[in-house]
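Coordinates from work-v5.txt are shown below (compact mmCIF, C-alpha atoms).
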```txt
# COMPACT_ATOMS: atom_id res chain seq x y z
CA MET A 1 0.00 0.00 0.00
CA ARG A 2 1.49 3.28 -1.08
CA LEU A 3 0.57 6.93 -0.76
CA SER A 4 2.24 9.13 -3.37
CA MET A 5 2.13 12.80 -4.30
CA ALA A 6 3.25 14.32 -7.61
CA ARG A 7 6.21 16.63 -7.22
CA SER A 8 4.40 19.64 -8.60
CA TYR A 9 1.55 19.46 -6.13
CA GLY A 10 1.73 22.07 -3.39
CA THR A 11 -0.29 23.10 -0.41
CA SER A 12 0.48 26.83 -0.52
CA ALA A 13 -2.70 28.89 -0.81
CA ALA A 14 -3.38 30.66 -4.10
CA ALA A 15 -4.37 34.30 -4.27
CA VAL A 16 -8.04 33.44 -4.23
CA GLU A 17 -7.54 31.95 -0.78
CA GLY A 18 -5.75 34.96 0.68
CA GLN A 19 -6.56 35.68 4.28
CA GLY A 20 -8.34 39.00 3.82
CA TRP A 21 -10.50 37.81 0.94
CA VAL A 22 -11.28 34.45 2.51
CA PHE A 23 -12.45 36.07 5.74
CA VAL A 24 -15.13 38.00 3.87
CA HIS A 25 -16.56 34.76 2.56
CA ILE A 26 -16.62 32.79 5.77
CA LEU A 27 -19.95 34.25 6.84
CA VAL A 28 -21.65 33.78 3.49
CA LEU A 29 -20.45 30.20 3.29
CA VAL A 30 -21.89 29.51 6.72
CA ILE A 31 -25.24 30.92 5.62
CA ALA A 32 -25.16 28.78 2.51
CA LEU A 33 -24.50 25.66 4.51
CA VAL A 34 -27.30 26.40 6.95
CA THR A 35 -29.61 26.82 3.98
CA ALA A 36 -28.36 23.60 2.41
CA GLY A 37 -28.88 21.72 5.67
CA THR A 38 -28.80 17.99 5.53
CA ALA A 39 -31.25 17.55 2.72
CA SER A 40 -28.51 16.15 0.48
CA ALA A 41 -29.37 12.88 -1.16
CA GLN A 42 -27.44 9.85 -0.08
CA VAL A 43 -25.24 7.87 -2.44
CA GLN A 44 -26.99 4.67 -3.38
CA ALA A 45 -24.77 1.74 -2.47
CA PRO A 46 -24.96 -1.72 -3.97
CA ALA A 47 -26.95 -4.21 -1.93
CA GLN A 48 -23.72 -5.89 -0.89
CA VAL A 49 -20.21 -4.46 -0.82
CA PRO A 50 -17.33 -6.94 -0.74
CA ALA A 51 -15.56 -6.77 2.61
CA VAL A 52 -12.22 -7.34 0.91
CA LEU A 53 -11.48 -6.26 -2.63
CA ALA A 54 -9.25 -8.04 -5.10
CA THR A 55 -5.72 -8.80 -3.96
CA LYS A 56 -4.28 -6.22 -6.32
CA PRO A 57 -4.77 -2.72 -4.83
CA ILE A 58 -7.02 -0.34 -6.77
CA LYS A 59 -5.11 2.64 -8.13
CA MET A 60 -6.97 5.77 -7.04
CA VAL A 61 -6.45 9.50 -7.49
CA VAL A 62 -8.10 12.27 -5.47
CA LEU A 63 -8.35 15.17 -7.94
CA GLY A 64 -9.19 18.31 -6.01
CA ASP A 65 -8.26 21.62 -4.44
CA SER A 66 -6.99 22.62 -0.98
CA LEU A 67 -9.89 20.87 0.76
CA SER A 68 -8.59 17.49 -0.27
CA ALA A 69 -4.93 18.48 -0.68
CA GLY A 70 -4.61 19.12 3.05
CA LEU A 71 -3.78 22.82 3.23
CA GLY A 72 -2.22 23.60 6.61
CA LEU A 73 -1.88 19.92 7.56
CA GLN A 74 0.81 17.27 7.54
CA ALA A 75 0.60 15.01 4.48
CA SER A 76 -0.39 12.13 6.73
CA ALA A 77 -3.42 14.11 7.98
CA ALA A 78 -4.73 15.08 4.52
CA PHE A 79 -7.93 13.54 3.18
CA PRO A 80 -6.33 11.01 0.78
CA ALA A 81 -4.00 9.60 3.45
CA ARG A 82 -6.72 9.36 6.08
CA LEU A 83 -9.14 7.79 3.62
CA GLN A 84 -6.54 5.24 2.59
CA LYS A 85 -5.92 4.35 6.23
CA SER A 86 -9.63 3.89 6.93
CA LEU A 87 -10.09 1.72 3.86
CA LYS A 88 -7.13 -0.41 4.89
CA ALA A 89 -8.65 -0.88 8.34
CA ASN A 90 -11.74 -2.26 6.58
CA GLY A 91 -9.69 -4.66 4.48
CA ILE A 92 -9.59 -2.59 1.29
CA ASP A 93 -6.19 -1.84 -0.24
CA VAL A 94 -5.72 1.16 -2.55
CA ASP A 95 -2.69 2.82 -4.10
CA MET A 96 -3.52 6.49 -3.49
CA ILE A 97 -2.32 9.67 -5.21
CA ASN A 98 -3.10 13.04 -3.64
CA ALA A 99 -3.66 15.23 -6.72
CA GLY A 100 -5.01 18.20 -4.80
CA VAL A 101 -3.76 21.69 -5.64
CA SER A 102 -4.61 24.63 -3.39
CA GLY A 103 -6.53 27.39 -5.12
CA ASP A 104 -7.41 25.21 -8.09
CA THR A 105 -10.68 25.71 -9.95
CA SER A 106 -12.53 23.13 -12.00
CA SER A 107 -10.90 24.59 -15.11
CA GLY A 108 -7.48 24.24 -13.51
CA GLY A 109 -8.19 20.61 -12.71
CA ARG A 110 -9.22 19.99 -16.29
CA ASP A 111 -6.06 21.62 -17.64
CA ARG A 112 -3.80 19.35 -15.58
CA LEU A 113 -5.94 16.23 -15.87
CA ASP A 114 -3.63 14.16 -18.07
CA TRP A 115 -0.60 14.41 -15.80
CA SER A 116 -2.57 14.43 -12.56
CA VAL A 117 -4.28 11.15 -13.39
CA PRO A 118 -1.57 8.79 -14.68
CA GLU A 119 -2.02 5.73 -16.87
CA GLY A 120 -3.21 2.74 -14.90
CA THR A 121 -5.55 4.75 -12.68
CA GLU A 122 -8.78 2.86 -12.02
CA ALA A 123 -10.70 5.29 -9.80
CA VAL A 124 -10.91 9.07 -9.27
CA ILE A 125 -12.56 10.98 -6.46
CA LEU A 126 -13.39 14.32 -8.10
CA GLU A 127 -13.51 17.22 -5.60
CA LEU A 128 -13.47 20.53 -7.46
CA GLY A 129 -15.67 23.64 -7.60
CA ALA A 130 -15.29 25.34 -4.22
CA ASN A 131 -12.99 28.01 -5.62
CA ASP A 132 -15.27 28.49 -8.62
CA ALA A 133 -18.13 29.36 -6.27
CA LEU A 134 -16.01 31.63 -4.09
CA ARG A 135 -14.81 33.54 -7.14
CA GLY A 136 -18.29 33.80 -8.58
CA ILE A 137 -17.22 32.07 -11.78
CA ASP A 138 -20.09 31.61 -14.23
CA PRO A 139 -21.65 28.20 -13.47
CA LYS A 140 -21.57 27.52 -17.22
CA VAL A 141 -17.76 27.55 -17.03
CA THR A 142 -17.71 25.23 -14.03
CA ARG A 143 -20.21 22.87 -15.64
CA SER A 144 -18.21 22.82 -18.87
CA ALA A 145 -14.92 22.07 -17.09
CA LEU A 146 -16.38 19.27 -14.98
CA THR A 147 -18.12 17.87 -18.05
CA ASP A 148 -14.80 17.77 -19.89
CA ILE A 149 -13.12 16.01 -16.95
CA LEU A 150 -15.86 13.39 -16.72
CA THR A 151 -15.90 12.87 -20.49
CA ARG A 152 -12.15 12.33 -20.65
CA LEU A 153 -12.07 10.00 -17.64
CA LYS A 154 -14.96 7.98 -19.08
CA ALA A 155 -13.06 7.66 -22.37
CA ARG A 156 -10.14 6.26 -20.38
CA LYS A 157 -12.50 3.83 -18.60
CA ILE A 158 -11.72 5.35 -15.20
CA ALA A 159 -14.50 5.21 -12.61
CA VAL A 160 -15.43 8.49 -10.88
CA LEU A 161 -17.00 9.39 -7.55
CA LEU A 162 -18.22 12.99 -7.90
CA CYS A 163 -18.18 15.19 -4.78
CA GLY A 164 -20.62 18.09 -4.72
CA MET A 165 -20.15 21.63 -3.43
CA VAL A 166 -22.53 24.39 -2.30
CA ALA A 167 -22.41 27.99 -3.58
CA PRO A 168 -22.40 30.94 -1.15
CA PRO A 169 -25.56 33.08 -1.41
CA ASN A 170 -23.84 36.43 -1.89
CA TYR A 171 -24.08 36.10 -5.69
CA GLY A 172 -27.84 35.71 -5.51
CA SER A 173 -30.34 32.87 -5.53
CA ASP A 174 -30.13 32.44 -9.31
CA TYR A 175 -26.37 31.88 -9.16
CA SER A 176 -26.73 29.44 -6.25
CA ALA A 177 -29.44 27.46 -8.02
CA ARG A 178 -27.42 27.22 -11.22
CA PHE A 179 -24.22 26.24 -9.42
CA ASN A 180 -25.77 23.76 -7.00
CA ALA A 181 -27.54 21.94 -9.85
CA ILE A 182 -24.26 21.16 -11.61
CA TYR A 183 -23.32 18.13 -9.53
CA PRO A 184 -26.58 16.14 -9.51
CA ASP A 185 -27.07 16.95 -13.20
CA LEU A 186 -23.64 15.63 -14.16
CA ALA A 187 -23.90 12.60 -11.90
CA LYS A 188 -27.11 11.66 -13.68
CA ALA A 189 -25.80 12.46 -17.17
CA PHE A 190 -22.62 10.40 -16.72
CA ALA A 191 -24.17 7.71 -14.50
CA VAL A 192 -21.55 8.23 -11.78
CA PRO A 193 -22.13 8.10 -8.01
CA LEU A 194 -22.54 11.45 -6.25
CA TYR A 195 -21.48 12.36 -2.73
CA PRO A 196 -23.67 15.48 -2.41
CA PHE A 197 -21.48 17.72 -0.23
CA PHE A 198 -17.80 17.08 0.45
CA LEU A 199 -17.75 19.13 3.67
CA GLU A 200 -20.84 17.52 5.17
CA GLY A 201 -20.61 17.58 8.96
CA VAL A 202 -17.57 19.86 9.01
CA ALA A 203 -18.36 23.17 7.29
CA ALA A 204 -19.29 26.03 9.63
CA ASP A 205 -18.15 24.07 12.70
CA ALA A 206 -15.35 26.13 14.29
CA ARG A 207 -14.14 23.10 16.23
CA LEU A 208 -13.38 21.23 13.01
CA ASN A 209 -11.89 24.05 10.93
CA GLN A 210 -8.63 25.93 10.93
CA ALA A 211 -8.38 29.62 11.80
CA ASP A 212 -9.52 30.66 8.31
CA GLY A 213 -12.87 29.01 8.98
CA MET A 214 -12.83 27.12 5.70
CA HIS A 215 -10.15 24.43 5.74
CA PRO A 216 -10.68 21.40 7.97
CA THR A 217 -8.36 20.53 10.82
CA ALA A 218 -7.02 17.00 11.15
CA GLU A 219 -10.08 16.21 13.26
CA GLY A 220 -12.30 17.73 10.58
CA VAL A 221 -10.68 15.56 7.92
CA ASP A 222 -11.45 12.51 10.03
CA VAL A 223 -15.12 13.54 10.12
CA ILE A 224 -15.15 13.94 6.33
CA VAL A 225 -13.57 10.53 5.93
CA ARG A 226 -16.01 8.88 8.32
CA ASN A 227 -19.00 10.39 6.51
CA ILE A 228 -17.84 9.62 2.98
CA LEU A 229 -16.42 6.16 3.73
CA PRO A 230 -19.61 4.17 2.99
CA ALA A 231 -19.90 5.90 -0.40
CA VAL A 232 -16.25 5.19 -1.22
CA GLU A 233 -16.58 1.55 -0.17
CA ALA A 234 -19.63 1.16 -2.42
CA PHE A 235 -17.75 2.87 -5.23
CA LEU A 236 -14.75 0.57 -4.89
CA GLY A 237 -16.99 -2.43 -4.47
CA ALA A 238 -18.49 -1.76 -7.90
CA ILE A 239 -14.99 -1.57 -9.40
CA SER A 240 -14.04 -4.84 -7.72
CA GLY A 241 -17.14 -6.47 -9.17
CA GLN A 242 -16.17 -5.33 -12.67
CA ARG A 243 -12.70 -6.85 -12.23
CA SER A 244 -14.06 -10.33 -11.55
```

Re-express the file's structure as structure tokens.
Amino acid sequence: MRLSMARSYGTSAAAVEGQGWVFVHILVLVIALVTAGTASAQVQAPAQVPAVLATKPIKMVVLGDSLSAGLGLQASAAFPARLQKSLKANGIDVDMINAGVSGDTSSGGRDRLDWSVPEGTEAVILELGANDALRGIDPKVTRSALTDILTRLKARKIAVLLCGMVAPPNYGSDYSARFNAIYPDLAKAFAVPLYPFFLEGVAADARLNQADGMHPTAEGVDVIVRNILPAVEAFLGAISGQRS
């Protein structure tokens, strides 16, 4: 079992995540999350998920931004590492690559897709869009970029678990509605599983976030992992079934 990180991946915050600008958006993000509540749909899991996958570890990439990259944390405390550890504890071996880049948008993820997701990858957890929403990028641009990513991964026969994000309300209800619809629409169009909100159970909880109010602490990452784990196990179980 290996955890690797491409040399060009960093955890330094981009300009969009600068302290002054980020602080302005903490409050609006909290409001958005309160509005979103817990009405998110649950990922539908297969009736039975194999307790132990095939002997050969599944090669997985987490393609995301600072939320999954582990901004402000040790590499061992970042989402990919903690997820890998939890899967191992449940008898599931994966070879994990942390392809998170702080400050990245969905367009940025698309532009680096080919070298972020190497040949031989079998599964991708796609966690992008938070910075699009914070910047107020036109949802059409975000939708187009994520569509391109899903199209290209599908062509490569790589399975995808899509992680949703929630838009802050400061750009208006029309913007929020258009942005929030992207993830369920694409999950349906590409027939991929959807985890409705990556920060479920962590966002807006000061105890689980760093001083900027947006990036999870190590404890917050553990909550994210615990919440998403059943969806990931179902996702990997489907891949294991296709192998046999």

With 10 Å as the cut-off and only C-alpha atoms counted, what is the closest atom pair between each nearby residue of segment 192-214 of chain A and segment 141-160 of chain A? Distances in Å to one decimal, ordered by chain and number, as a tab-separated table.
```
residue	atom	partner	partner_atom	distance
A:Val192	CA	A:Val160	CA	6.2
A:Pro193	CA	A:Val160	CA	7.3
A:Leu194	CA	A:Val160	CA	9.0
```

Practice problem: Quick one: residues within 12 Å of (-10.8, 16.0, 13.6) (file frame), counting only C-alpha atoms, please, as a PyMOL selection string. | Solution: chain A and resi 73+77-79+82+201-202+205-210+215-226

Exercise. Go through A:Ile228, A:Glu119, A:Asn90, A:Leu71 and flag the residue nearest Leu161 of chain A, using all atoms listed in the file for the distances.
Key: A:Ile228

Exercise. Could you tell me which of A:Ser102, A:Ser86, A:Ser116, A:Asn180 comes closest to Ala133 of chain A if we count all atoms listed in the file?
Key: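 Nearest to Ala133 of chain A: A:Asn180.
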
Quiz item: Between atom CA of Leu229 of chain A and atom CA of Leu83 of chain A, what is the distance, to one decimal in Å?
Solution: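 Atom CA of Leu229 of chain A sits 7.5 Å away from atom CA of Leu83 of chain A.
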
Self-check item: Using only C-alpha atoms: which of A:Leu87, A:Ile92, A:Ala130, A:Met214 has the shortest distance to Asp65 of chain A
Solution: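 For Asp65 of chain A, the nearest of the candidates is A:Ala130.
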
Exercise. Using atom CA of Met165 of chain A and atom CA of Tyr183 of chain A as the two end points, give the distance in Å to one decimal.
Key: 7.7 Å

Quiz item: From the set A:Ala123, A:Pro168, A:Asn98, A:Leu186, which residue has the shortest atom-to-atom contact distance to Val232 of chain A, counting only C-alpha atoms?
Solution: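 Looking at the shortest contact to Val232 of chain A, the residue is A:Ala123.
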
Exercise. Have a look at A:Ala69, A:Ala231, A:Ala181, A:Ala187 and name the one nearest to Leu162 of chain A; count all atoms listed in the file.
Key: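 Closest to Leu162 of chain A, using all atoms listed in the file: A:Ala187.
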